[in-house]
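Content type PDB, C-alpha atoms, from the file entry_5.pdb:
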```pdb
ATOM      1  CA  MET J   1      38.994  10.890  -4.366
ATOM      2  CA  PRO J   2      35.660  12.736  -4.687
ATOM      3  CA  PRO J   3      32.487  10.639  -4.493
ATOM      4  CA  LYS J   4      31.035   9.446  -7.772
ATOM      5  CA  ARG J   5      27.951  11.146  -9.054
ATOM      6  CA  GLY J   6      24.931   9.741  -7.187
ATOM      7  CA  ASP J   7      26.952   8.550  -4.192
ATOM      8  CA  ALA J   8      25.914   9.972  -0.871
ATOM      9  CA  PRO J   9      28.105   9.999   2.193
ATOM     10  CA  GLY J  10      27.484   6.799   4.146
ATOM     11  CA  SER J  11      25.647   5.019   1.350
ATOM     12  CA  PRO J  12      26.725   1.569   0.205
ATOM     13  CA  LYS J  13      28.759   1.546  -2.989
ATOM     14  CA  GLU J  14      27.057  -1.569  -4.428
ATOM     15  CA  ALA J  15      24.134  -1.204  -6.794
ATOM     16  CA  ILE J  16      20.637  -1.233  -5.314
ATOM     17  CA  PRO J  17      18.828  -4.399  -6.453
ATOM     18  CA  VAL J  18      15.774  -2.460  -7.613
ATOM     19  CA  ARG J  19      14.998  -5.236 -10.092
ATOM     20  CA  ASP J  20      14.130  -7.552  -7.193
ATOM     21  CA  VAL J  21      11.555  -5.075  -5.915
ATOM     22  CA  LEU J  22      10.143  -4.407  -9.393
ATOM     23  CA  ASP J  23       9.944  -8.130 -10.151
ATOM     24  CA  GLY J  24       7.271  -8.335  -7.446
ATOM     25  CA  LEU J  25       4.907  -6.346  -9.647
ATOM     26  CA  ASP J  26       2.382  -8.309 -11.694
ATOM     27  CA  LYS J  27       2.757  -7.451 -15.387
ATOM     28  CA  LEU J  28      -0.983  -7.761 -16.032
ATOM     29  CA  LEU J  29      -1.836  -5.437 -13.164
ATOM     30  CA  GLU J  30       0.640  -2.747 -14.209
ATOM     31  CA  HIS J  31      -1.971  -1.453 -16.672
ATOM     32  CA  ARG J  32      -4.184   1.144 -14.986
ATOM     33  CA  VAL J  33      -7.484  -0.251 -16.295
ATOM     34  CA  ARG J  34      -6.692  -3.839 -15.298
ATOM     35  CA  LEU J  35      -5.519  -2.699 -11.868
ATOM     36  CA  ALA J  36      -8.700  -0.655 -11.425
ATOM     37  CA  ILE J  37     -10.847  -3.633 -12.462
ATOM     38  CA  ALA J  38      -9.108  -5.877  -9.924
ATOM     39  CA  VAL J  39      -9.413  -3.294  -7.138
ATOM     40  CA  LEU J  40     -13.111  -2.708  -7.835
ATOM     41  CA  LEU J  41     -13.858  -6.430  -7.966
ATOM     42  CA  SER J  42     -11.895  -7.087  -4.773
ATOM     43  CA  ARG J  43     -14.496  -5.106  -2.833
ATOM     44  CA  VAL J  44     -17.625  -6.881  -4.130
ATOM     45  CA  ASP J  45     -18.827 -10.351  -5.103
ATOM     46  CA  ALA J  46     -19.320  -9.389  -8.767
ATOM     47  CA  LEU J  47     -19.945  -6.439 -11.067
ATOM     48  CA  SER J  48     -21.683  -6.337 -14.426
ATOM     49  CA  PHE J  49     -19.930  -5.220 -17.593
ATOM     50  CA  SER J  50     -22.141  -2.143 -17.785
ATOM     51  CA  ARG J  51     -21.377  -1.164 -14.175
ATOM     52  CA  LEU J  52     -17.624  -1.578 -14.741
ATOM     53  CA  ARG J  53     -17.909   0.550 -17.897
ATOM     54  CA  GLU J  54     -19.785   3.221 -15.949
ATOM     55  CA  LEU J  55     -17.280   3.249 -13.071
ATOM     56  CA  LEU J  56     -14.176   3.239 -15.265
ATOM     57  CA  GLY J  57     -15.377   5.421 -18.135
ATOM     58  CA  GLU J  58     -13.827   3.085 -20.713
ATOM     59  CA  THR J  59     -15.180   2.202 -24.137
ATOM     60  CA  ASP J  60     -16.813  -1.187 -24.614
ATOM     61  CA  GLY J  61     -13.901  -2.384 -26.748
ATOM     62  CA  ASN J  62     -11.162  -1.257 -24.380
ATOM     63  CA  LEU J  63     -12.932  -2.597 -21.300
ATOM     64  CA  GLY J  64     -13.732  -5.889 -23.036
ATOM     65  CA  ALA J  65     -10.119  -6.377 -24.120
ATOM     66  CA  ASN J  66      -8.812  -5.743 -20.597
ATOM     67  CA  LEU J  67     -11.417  -8.023 -19.024
ATOM     68  CA  ARG J  68     -10.451 -10.740 -21.503
ATOM     69  CA  ARG J  69      -6.761 -10.459 -20.585
ATOM     70  CA  LEU J  70      -7.606 -10.866 -16.896
ATOM     71  CA  GLU J  71      -9.988 -13.729 -17.649
ATOM     72  CA  ASP J  72      -7.404 -15.517 -19.817
ATOM     73  CA  ALA J  73      -4.891 -15.246 -16.950
ATOM     74  CA  GLY J  74      -7.390 -16.862 -14.563
ATOM     75  CA  TYR J  75      -7.823 -13.681 -12.521
ATOM     76  CA  LEU J  76     -11.522 -13.261 -13.392
ATOM     77  CA  ALA J  77     -14.538 -15.525 -13.681
ATOM     78  CA  VAL J  78     -17.404 -14.472 -15.923
ATOM     79  CA  THR J  79     -21.031 -15.528 -15.627
ATOM     80  CA  LYS J  80     -23.487 -14.727 -18.387
ATOM     81  CA  GLU J  81     -27.233 -14.569 -17.915
ATOM     82  CA  PHE J  82     -30.304 -12.902 -19.314
ATOM     83  CA  VAL J  83     -32.143 -10.216 -17.361
ATOM     84  CA  ASP J  84     -35.388  -9.002 -18.932
ATOM     85  CA  ARG J  85     -34.319 -10.771 -22.150
ATOM     86  CA  LYS J  86     -31.053  -8.825 -22.252
ATOM     87  CA  PRO J  87     -27.651 -10.484 -21.869
ATOM     88  CA  VAL J  88     -25.697  -9.482 -18.756
ATOM     89  CA  SER J  89     -22.096 -10.496 -18.075
ATOM     90  CA  TRP J  90     -21.029 -10.617 -14.433
ATOM     91  CA  TYR J  91     -17.344 -10.494 -13.505
ATOM     92  CA  ALA J  92     -15.828 -11.719 -10.256
ATOM     93  CA  LEU J  93     -12.244 -11.869  -9.021
ATOM     94  CA  THR J  94     -11.020 -15.461  -8.621
ATOM     95  CA  ALA J  95      -8.806 -16.684  -5.774
ATOM     96  CA  ALA J  96      -5.843 -16.418  -8.152
ATOM     97  CA  GLY J  97      -6.865 -12.860  -9.000
ATOM     98  CA  ARG J  98      -7.120 -11.909  -5.327
ATOM     99  CA  ALA J  99      -3.704 -13.416  -4.636
ATOM    100  CA  ALA J 100      -2.161 -11.602  -7.607
ATOM    101  CA  LEU J 101      -3.688  -8.288  -6.520
ATOM    102  CA  ALA J 102      -2.483  -8.734  -2.935
ATOM    103  CA  SER J 103       1.039  -9.543  -4.125
ATOM    104  CA  HIS J 104       1.035  -6.567  -6.515
ATOM    105  CA  VAL J 105      -0.134  -4.200  -3.770
ATOM    106  CA  ARG J 106       2.578  -5.492  -1.398
ATOM    107  CA  ALA J 107       5.202  -4.818  -4.090
ATOM    108  CA  LEU J 108       3.823  -1.297  -4.604
ATOM    109  CA  GLU J 109       3.945  -0.723  -0.839
ATOM    110  CA  ARG J 110       7.611  -1.809  -0.718
ATOM    111  CA  ILE J 111       8.424   0.558  -3.587
ATOM    112  CA  THR J 112       6.613   3.533  -2.078
ATOM    113  CA  ARG J 113       8.052   2.846   1.371
ATOM    114  CA  ALA J 114      11.552   2.695  -0.101
ATOM    115  CA  ALA J 115      10.978   5.867  -2.099
ATOM    116  CA  SER J 116       9.729   7.854   0.880
ATOM    117  CA  LEU J 117      11.812  10.660   2.280
ATOM    118  CA  ALA J 118      14.161   8.241   4.032
ATOM    119  CA  PRO J 119      17.877   8.993   3.875
ATOM    120  CA  ARG J 120      19.630   7.345   0.968
ATOM    121  CA  SER J 121      21.344   4.761   3.218
ATOM    122  CA  GLU J 122      17.937   3.615   4.515
ATOM    123  CA  LEU J 123      16.601   3.549   0.961
ATOM    124  CA  SER J 124      19.433   1.235  -0.054
ATOM    125  CA  SER J 125      18.735  -1.034   2.899
ATOM    126  CA  GLU J 126      14.989  -1.056   2.249
ATOM    127  CA  LEU J 127      15.417  -1.977  -1.409
ATOM    128  CA  SER J 128      18.041  -4.596  -0.602
ATOM    129  CA  THR J 129      15.881  -6.418   1.934
ATOM    130  CA  GLY J 130      12.540  -5.972   0.171
ATOM    131  CA  GLY J 131      11.208  -4.090   3.174
ATOM    132  CA  ASP J 132      11.543  -6.926   5.671
ATOM    133  CA  PRO J 133      12.944  -5.897   9.068
TER     134      PRO J 133
END
```
Would you write out, as structure tokens, the structure that this file holds?
Amino acid sequence: MPPKRGDAPGSPKEAIPVRDVLDGLDKLLEHRVRLAIAVLLSRVDALSFSRLRELLGETDGNLGANLRRLEDAGYLAVTKEFVDRKPVSWYALTAAGRAALASHVRALERITRAASLAPRSELSSELSTGGDP
């Protein structure tokens, strides 16, 4: 009997549990702007709204909405103050935000490692074990 479409010689016949690997991704951090915010904030103590807007090139409304989603999830802390009589909002990644980012990055690493140019049998093994030896 010829192999089924997608089967490679020596590869396991059972389905690859890709869902398990994808479940490791954080839904909030799948959005490019929210991921970028978390990555930027992971490298500093805090950034102002205007600096985030400058770095990301987003509109005030879009940036504000994404910051609010992260804040509502407990990933960001915001501090508001006045500087030269102007309001300034400072954003910092919380411990929960750092943990979520680290977990998300580990999931991305498992996915990219599994999708590398490894033979299909190794890919199946990698996805099945989540990348653990």
- Would you kindly identify which residues have an atom no farther than 12 Å from (6.7, -8.2, -10.9), using only C-alpha atoms and the file's own coordinates, and write them out as a ChimeraX atom specification? /J:18-30,100-101,103-108,111
- Name the residues in contact with Arg69 (chain J) at a cut-off of 10 Å, using all atoms listed in the file, excluding same-chain residues fewer than 6 positions from it; report them as JSON, numbers by chain. {"J": [28, 34, 75, 76]}
Generate a file of the selected residues that holds C-alpha atoms, formatted as a JSON list (two decimals), in the frame of the given file.
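As a result, part_19.json now contains:
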```
[["chain", "number", "residue", "atom", "x", "y", "z"],
["J", 28, "LEU", "CA", -0.98, -7.76, -16.03],
["J", 34, "ARG", "CA", -6.69, -3.84, -15.30],
["J", 75, "TYR", "CA", -7.82, -13.68, -12.52],
["J", 76, "LEU", "CA", -11.52, -13.26, -13.39]]
```
- Query: What is the CA of Leu67 (chain J) to CA of Ile37 (chain J) distance in Å?
  - Reply: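 Taking CA of Leu67 (chain J) as the start and CA of Ile37 (chain J) as the end point, the length is 7.9 Å.
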- Provide the CA of Lys86 (chain J) to CA of Ser50 (chain J) distance in Å, to one decimal place.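 Those two atoms sit 12.0 Å apart.
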- Which value, in Å to one decimal, gives the distance between CA of Lys80 (chain J) and CA of Ala102 (chain J)?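 So the answer is 26.8 Å.
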- Find, counting only C-alpha atoms, the residue in J:Thr112, J:Arg98, J:Asp60, J:Arg51 that gets nearest to Val39 (chain J).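 Looking at the shortest contact to Val39 (chain J), the residue is J:Arg98.
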- Query: Using all atoms listed in the file, which of J:Leu93, J:Leu70, J:Val83, J:Ala115 sits nearest Leu40 (chain J)?
  - Reply: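 Result for the nearest residue to Leu40 (chain J): J:Leu93.
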Would you compute, for all listed atoms of region 23-39 of chain J, the axis-aligned bounding box grown by 4 Å on each side, and then report its centre and edge lengths in Å rounded to one decimal, as JSON?
```
{"center_x": -0.5, "center_y": -3.6, "center_z": -11.9, "size_x": 28.8, "size_y": 17.5, "size_z": 17.5}
```
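When only C-alpha atoms are used to compute distances to Ala65 (chain J), the closest of the residues J:Val33, J:Val88, J:Ala96, J:Ala77 turns out to be J:Val33.
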- Excluding Ala46 (chain J) and any residue of its chain fewer than 5 positions from it, enumerate the residues within 7 Å of it, using only C-alpha atoms, and give them as a list in words.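 In the requested form, the answer reads Leu41, Trp90, Tyr91 and Ala92 of chain J.
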